[in-house]
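S.K.: Questions regarding the structure given below will be posed in turn.
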Amino acid sequence: MRLKQEAKVLKAKALASLVVATTAFNSPHDRGRHTQVLLALQHSFEMLLKAALVQTGTSVFDKRSGRSKSFDNCLNLARSSAKITLSEEDAGTLRAIDAMRDDEQHWFNEVSEQMLYIHARAAVTLFDELLFSVFEERLANHIPERVLPISTDPPKDLTLLLDDEYRQIGELLRPGRRAGHEARARIRTLLAMEGHVRDELFVSSRDVDRVERGVKNGNPRSEVFPRLEELATRLDGEGLAVTVHFTKKDGAPVRFEPDETTPAAAIRQVDLQAKYHLSATQLAEKVGLSSSRATALRRHLLLDDNSAMSHEFAFGKSKHRSFSDNALRLMRPLAGDRGAMEKIWAAHKPTKRSSPAPPCEVPGCRAAAD
């Protein structure tokens with residue numbers, strides 16, 4: 001395959017960081033080992049995603065700032081690309097690794113050896129698959145198997161691993177232990193694991209507080225972390241040839257809201273200001289439209305009426321509506337289509353406030369889902 005020059009450089013950087021991550025994982029020295037593994041793993045995939053996007057003709061630069069796009073943005077672009085094979089489960093693996101790296105880089109968390117191994121191995125599996133799907137190359141063509149993550153005690157079952165982590169958190173939070181900081185660090189890791197089953201992930205101190213209260217109240221893991229009940233792993237092979245895929249359980253009973261028998265403190269509630277963090281002006285800027293045209297597009301997609309896309313905040317007597325990254329992802333394809341935007345503008349420009357929204361007939365448009 002003839003590689004574009006920028007894609008070639010980015011792919012080389014991705015491979016270099018993956019070697020750094022696996023070398024650090026197998027290092028006999030513990031000081032800084034977890035940090036180095038997580039930082040290098042996340043960087044390897046940011047470079048690989050950008051290499052794949054560049055090679056397939058997708059820009060990775062923000063038009064307004066002139067800077068390359070973030071990891072999250074590149075992940076979303078790769079998910080929406082018809083030329084890149086990246087399943088929702090694959091995207092979840094990358095979101096979880098990025099969330100763990102974020103806490104490790106900007107604060108601290110506690111990632112157990114088995115948790116680190118299973119994500120490192122899943123990362124290597126995914127790296128090889130993504131490298132092949134875009135560049136028609138195998139990881140074995142670049143690095144020998146002997147540098148891949150090796151563990152003398154690999155996890156046998158994800159459910160048992162999560163239960164063990166949760167049990168240890170409970171032990172650390174027992175009165176008199178004075179180990180709350182370590183418990184909260186482990187809580188952050190389990191919250192990061194929700195990236196496997198959630199499109200958006202913000203691990204805040206409020207989330208940690210709520211989980212801590214649920215654990216202290218003696219609530220089971222299935223109530224405190226209901227989303228993790230969806231998650232499973234598929235391990236194939238053994239030794240150096242093992243591959244790991246994170247998957248979703250079929251028919252997993254998951255509750256996201258407390259019922260009459262479930263204490264509200266036991267359920268993690270999303271920090272609304274973290275989820276709906278884009279003002280209407282910021283949303284318009286990110287999709288490259290004027291405020292009025294962005295308003296027309298929001299009306300066309302019914303975003304202001306969709307709770308998954310927007311939320312109205314009240315501060316005293318003033319109210320303002322903010323938007324999530326879901327709204328951003330839904331608007332971008334149409335915002336970049338000049339022909340579609342002209343039709344949308346004609347039907348929904350702000351001067352027609354009282355006009356009902358006509359059916360969505362623009363090619364590529366999809367109704368905003370709850």
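In the structure tokens, chains take letters A, B, ... by order of appearance, with residues numbered from 1 within each chain and ligands from 1 in the order shown.
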Per residue of stretch 71-167 of chain A within 8 Å of stretch 198-222 of chain A, which atom pair is closest and at what distance in Å (one decimal), using only C-alpha atoms, listed by chain and increasing number, as a tab-separated table?
M.R.:
```
residue	atom	partner	partner_atom	distance
A:Gly92	CA	A:Arg198	CA	7.1
A:Arg95	CA	A:Leu201	CA	7.7
A:Ala99	CA	A:Leu201	CA	7.5
A:Asp163	CA	A:Arg221	CA	7.2
A:Tyr166	CA	A:Arg221	CA	6.7
```
S.K.: Residues within 10 Å of A:Asp102, please, as a PyMOL selection string. Count only C-alpha atoms; anything in the same chain fewer than 5 positions from it doesn't count.
M.R.: chain A and resi 38-39+42+96-97+107-109+192+203
S.K.: Would you please work out which residue, of A:Ile143, A:Ala347, A:Val20, A:Val244, is nearest to A:Asp90 when using only C-alpha atoms?
M.R.: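 For A:Asp90, the nearest of the given residues is A:Val244.
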S.K.: What's the 10 Å shell around A:Arg2, counting only C-alpha atoms, without same-chain residues fewer than 5 positions away, as a compact mmCIF listing (two decimals) with N, CA and C atoms, in the first residue's frame?
M.R.:
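The resulting file, out_34.txt, is reproduced below:
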```
# COMPACT_ATOMS: atom_id res chain seq x y z
N LYS A 8 2.39 7.89 7.25
CA LYS A 8 3.57 7.05 7.50
C LYS A 8 4.26 7.46 8.79
N GLN A 55 -4.74 8.62 6.20
CA GLN A 55 -4.60 7.70 5.07
C GLN A 55 -5.89 7.54 4.29
N PHE A 135 -4.10 -0.50 6.96
CA PHE A 135 -2.81 -0.49 6.27
C PHE A 135 -2.40 -1.85 5.69
```
S.K.: Can you list every residue in stretch 296-332 of chain A that DSSP puts in strand (DSSP E), as number ranges by chain?
M.R.: A: 310-315, 318-323
S.K.: Keeping all heavy atoms for every residue in the selection just given, could you write it to a file as a tab-separated table (two decimals), in the first residue's frame?
M.R.:
```tsv
chain	number	residue	atom	x	y	z
A	310	SER	N	-29.50	17.64	24.80
A	310	SER	CA	-29.45	18.96	25.43
A	310	SER	C	-30.13	18.95	26.79
A	310	SER	O	-30.92	18.04	27.11
A	310	SER	CB	-30.10	20.01	24.53
A	310	SER	OG	-31.49	19.79	24.44
A	311	HIS	N	-29.82	19.97	27.58
A	311	HIS	CA	-30.42	20.11	28.91
A	311	HIS	C	-30.51	21.59	29.23
A	311	HIS	O	-29.58	22.35	28.96
A	311	HIS	CB	-29.55	19.41	29.96
A	311	HIS	CG	-30.12	19.48	31.34
A	311	HIS	ND1	-31.15	18.68	31.79
A	311	HIS	CD2	-29.79	20.29	32.38
A	311	HIS	CE1	-31.44	18.98	33.04
A	311	HIS	NE2	-30.64	19.95	33.43
A	312	GLU	N	-31.64	22.00	29.79
A	312	GLU	CA	-31.83	23.40	30.16
A	312	GLU	C	-31.47	23.59	31.63
A	312	GLU	O	-32.07	22.97	32.51
A	312	GLU	CB	-33.27	23.83	29.91
A	312	GLU	CG	-33.49	25.32	30.15
A	312	GLU	CD	-34.89	25.77	29.77
A	312	GLU	OE1	-35.83	25.45	30.52
A	312	GLU	OE2	-35.04	26.44	28.72
A	313	PHE	N	-30.50	24.42	31.88
A	313	PHE	CA	-30.07	24.72	33.24
A	313	PHE	C	-30.75	25.99	33.73
A	313	PHE	O	-30.92	26.95	32.97
A	313	PHE	CB	-28.54	24.91	33.30
A	313	PHE	CG	-27.76	23.65	33.07
A	313	PHE	CD1	-27.30	23.34	31.80
A	313	PHE	CD2	-27.50	22.77	34.11
A	313	PHE	CE1	-26.58	22.18	31.57
A	313	PHE	CE2	-26.79	21.60	33.89
A	313	PHE	CZ	-26.33	21.31	32.63
A	314	ALA	N	-31.13	26.00	34.99
A	314	ALA	CA	-31.75	27.17	35.60
A	314	ALA	C	-30.86	27.68	36.72
A	314	ALA	O	-30.52	26.94	37.64
A	314	ALA	CB	-33.13	26.82	36.14
A	315	PHE	N	-30.47	28.95	36.62
A	315	PHE	CA	-29.67	29.60	37.66
A	315	PHE	C	-30.45	30.83	38.12
A	315	PHE	O	-30.42	31.88	37.47
A	315	PHE	CB	-28.31	30.01	37.12
A	315	PHE	CG	-27.47	28.84	36.67
A	315	PHE	CD1	-27.42	28.48	35.34
A	315	PHE	CD2	-26.75	28.09	37.59
A	315	PHE	CE1	-26.66	27.40	34.93
A	315	PHE	CE2	-25.99	27.01	37.20
A	315	PHE	CZ	-25.95	26.66	35.86
A	318	SER	N	-32.68	33.02	35.55
A	318	SER	CA	-32.16	32.85	34.18
A	318	SER	C	-32.05	31.38	33.82
A	318	SER	O	-31.77	30.53	34.67
A	318	SER	CB	-30.79	33.53	34.06
A	318	SER	OG	-29.85	32.90	34.91
A	319	LYS	N	-32.29	31.10	32.55
A	319	LYS	CA	-32.19	29.74	32.04
A	319	LYS	C	-31.34	29.74	30.77
A	319	LYS	O	-31.40	30.69	29.99
A	319	LYS	CB	-33.58	29.17	31.73
A	319	LYS	CG	-34.48	29.02	32.95
A	319	LYS	CD	-35.82	28.42	32.56
A	319	LYS	CE	-36.71	28.25	33.78
A	319	LYS	NZ	-38.04	27.66	33.42
A	320	HIS	N	-30.57	28.69	30.60
A	320	HIS	CA	-29.85	28.54	29.34
A	320	HIS	C	-29.72	27.07	29.01
A	320	HIS	O	-29.63	26.22	29.89
A	320	HIS	CB	-28.48	29.23	29.39
A	320	HIS	CG	-27.47	28.50	30.21
A	320	HIS	ND1	-27.31	28.71	31.56
A	320	HIS	CD2	-26.55	27.55	29.87
A	320	HIS	CE1	-26.34	27.92	32.02
A	320	HIS	NE2	-25.87	27.21	31.02
A	321	ARG	N	-29.70	26.79	27.71
A	321	ARG	CA	-29.63	25.41	27.23
A	321	ARG	C	-28.21	25.08	26.81
A	321	ARG	O	-27.55	25.86	26.12
A	321	ARG	CB	-30.60	25.21	26.06
A	321	ARG	CG	-30.66	23.77	25.56
A	321	ARG	CD	-31.85	23.56	24.65
A	321	ARG	NE	-33.10	23.72	25.38
A	321	ARG	CZ	-33.65	22.77	26.12
A	321	ARG	NH1	-33.05	21.58	26.24
A	321	ARG	NH2	-34.77	22.99	26.77
A	322	SER	N	-27.75	23.91	27.26
A	322	SER	CA	-26.42	23.43	26.89
A	322	SER	C	-26.54	22.09	26.20
A	322	SER	O	-27.55	21.40	26.33
A	322	SER	CB	-25.53	23.33	28.12
A	322	SER	OG	-25.29	24.60	28.68
A	323	PHE	N	-25.47	21.69	25.51
A	323	PHE	CA	-25.54	20.53	24.64
A	323	PHE	C	-24.40	19.55	24.92
A	323	PHE	O	-23.33	19.93	25.40
A	323	PHE	CB	-25.50	20.98	23.18
A	323	PHE	CG	-26.63	21.90	22.81
A	323	PHE	CD1	-26.52	23.26	23.03
A	323	PHE	CD2	-27.82	21.40	22.30
A	323	PHE	CE1	-27.57	24.12	22.72
A	323	PHE	CE2	-28.87	22.25	21.99
A	323	PHE	CZ	-28.75	23.61	22.20
```
S.K.: Using only C-alpha atoms, which residues sit within 6 Å of stretch 67-75 of chain A once same-chain residues fewer than 6 positions away are excluded, as an NGL selection string?
M.R.: :A and (46 or 60-61)
S.K.: With a distance cut-off of 10 Å and only C-alpha atoms, select the neighbouring residues of A:Val287, excluding the residue or stretch itself and same-chain residues fewer than 3 positions from it, and output the selection as a list in words.
M.R.: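 Counting only C-alpha atoms, the residues come to Asp62, Lys63, Gln282, Leu283, Ala284, Ser290, Ala294, Leu328, Arg329, Met331, Arg332, Pro333, Leu334, Ala335 and Gly336 of chain A.
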S.K.: So which one's closest to A:Leu191, A:His348, A:Arg338, A:Arg227, A:Arg121? Using only C-alpha atoms, please.
M.R.: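 Of all the options, A:Arg227 lies closest to A:Leu191.
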S.K.: Taking only stretch 143-345 of chain A into account, list the residues labelled helix (DSSP H, G or I) by DSSP (computed from the backbone), as number ranges by chain.
M.R.: A: 145-147, 158-172, 180-196, 205-216, 221-224, 226-230, 239-241, 264-266, 272-275, 280-287, 291-301, 303-305, 325-335, 338-345
S.K.: Pick the closest to A:Ala78 from A:Leu94, A:Ala12, A:Met100, A:Ala52: which is it, counting only C-alpha atoms?
M.R.: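 Of A:Leu94, A:Ala12, A:Met100, A:Ala52, the one nearest A:Ala78, counting only C-alpha atoms, is A:Ala52.
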S.K.: Compare A:Leu172, A:Ile84, A:Val224, A:Leu15 by their minimum atom-to-atom distance to A:Leu139, counting only C-alpha atoms, and give me the closest one.
M.R.: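 The closest residue to A:Leu139 is A:Leu15.
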S.K.: Select, from A:Thr159, A:Thr125, A:Thr85, A:Thr35, the residue with the minimum atom-to-atom distance to A:Gln105, counting only C-alpha atoms.
M.R.: A:Thr35
S.K.: Pick from A:Thr23, A:Gln36, A:Ser133, A:Gln114: nearest to A:Lys83, with only C-alpha atoms counted?
M.R.: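 Once distances to A:Lys83 are computed over only C-alpha atoms, the minimum belongs to A:Ser133.
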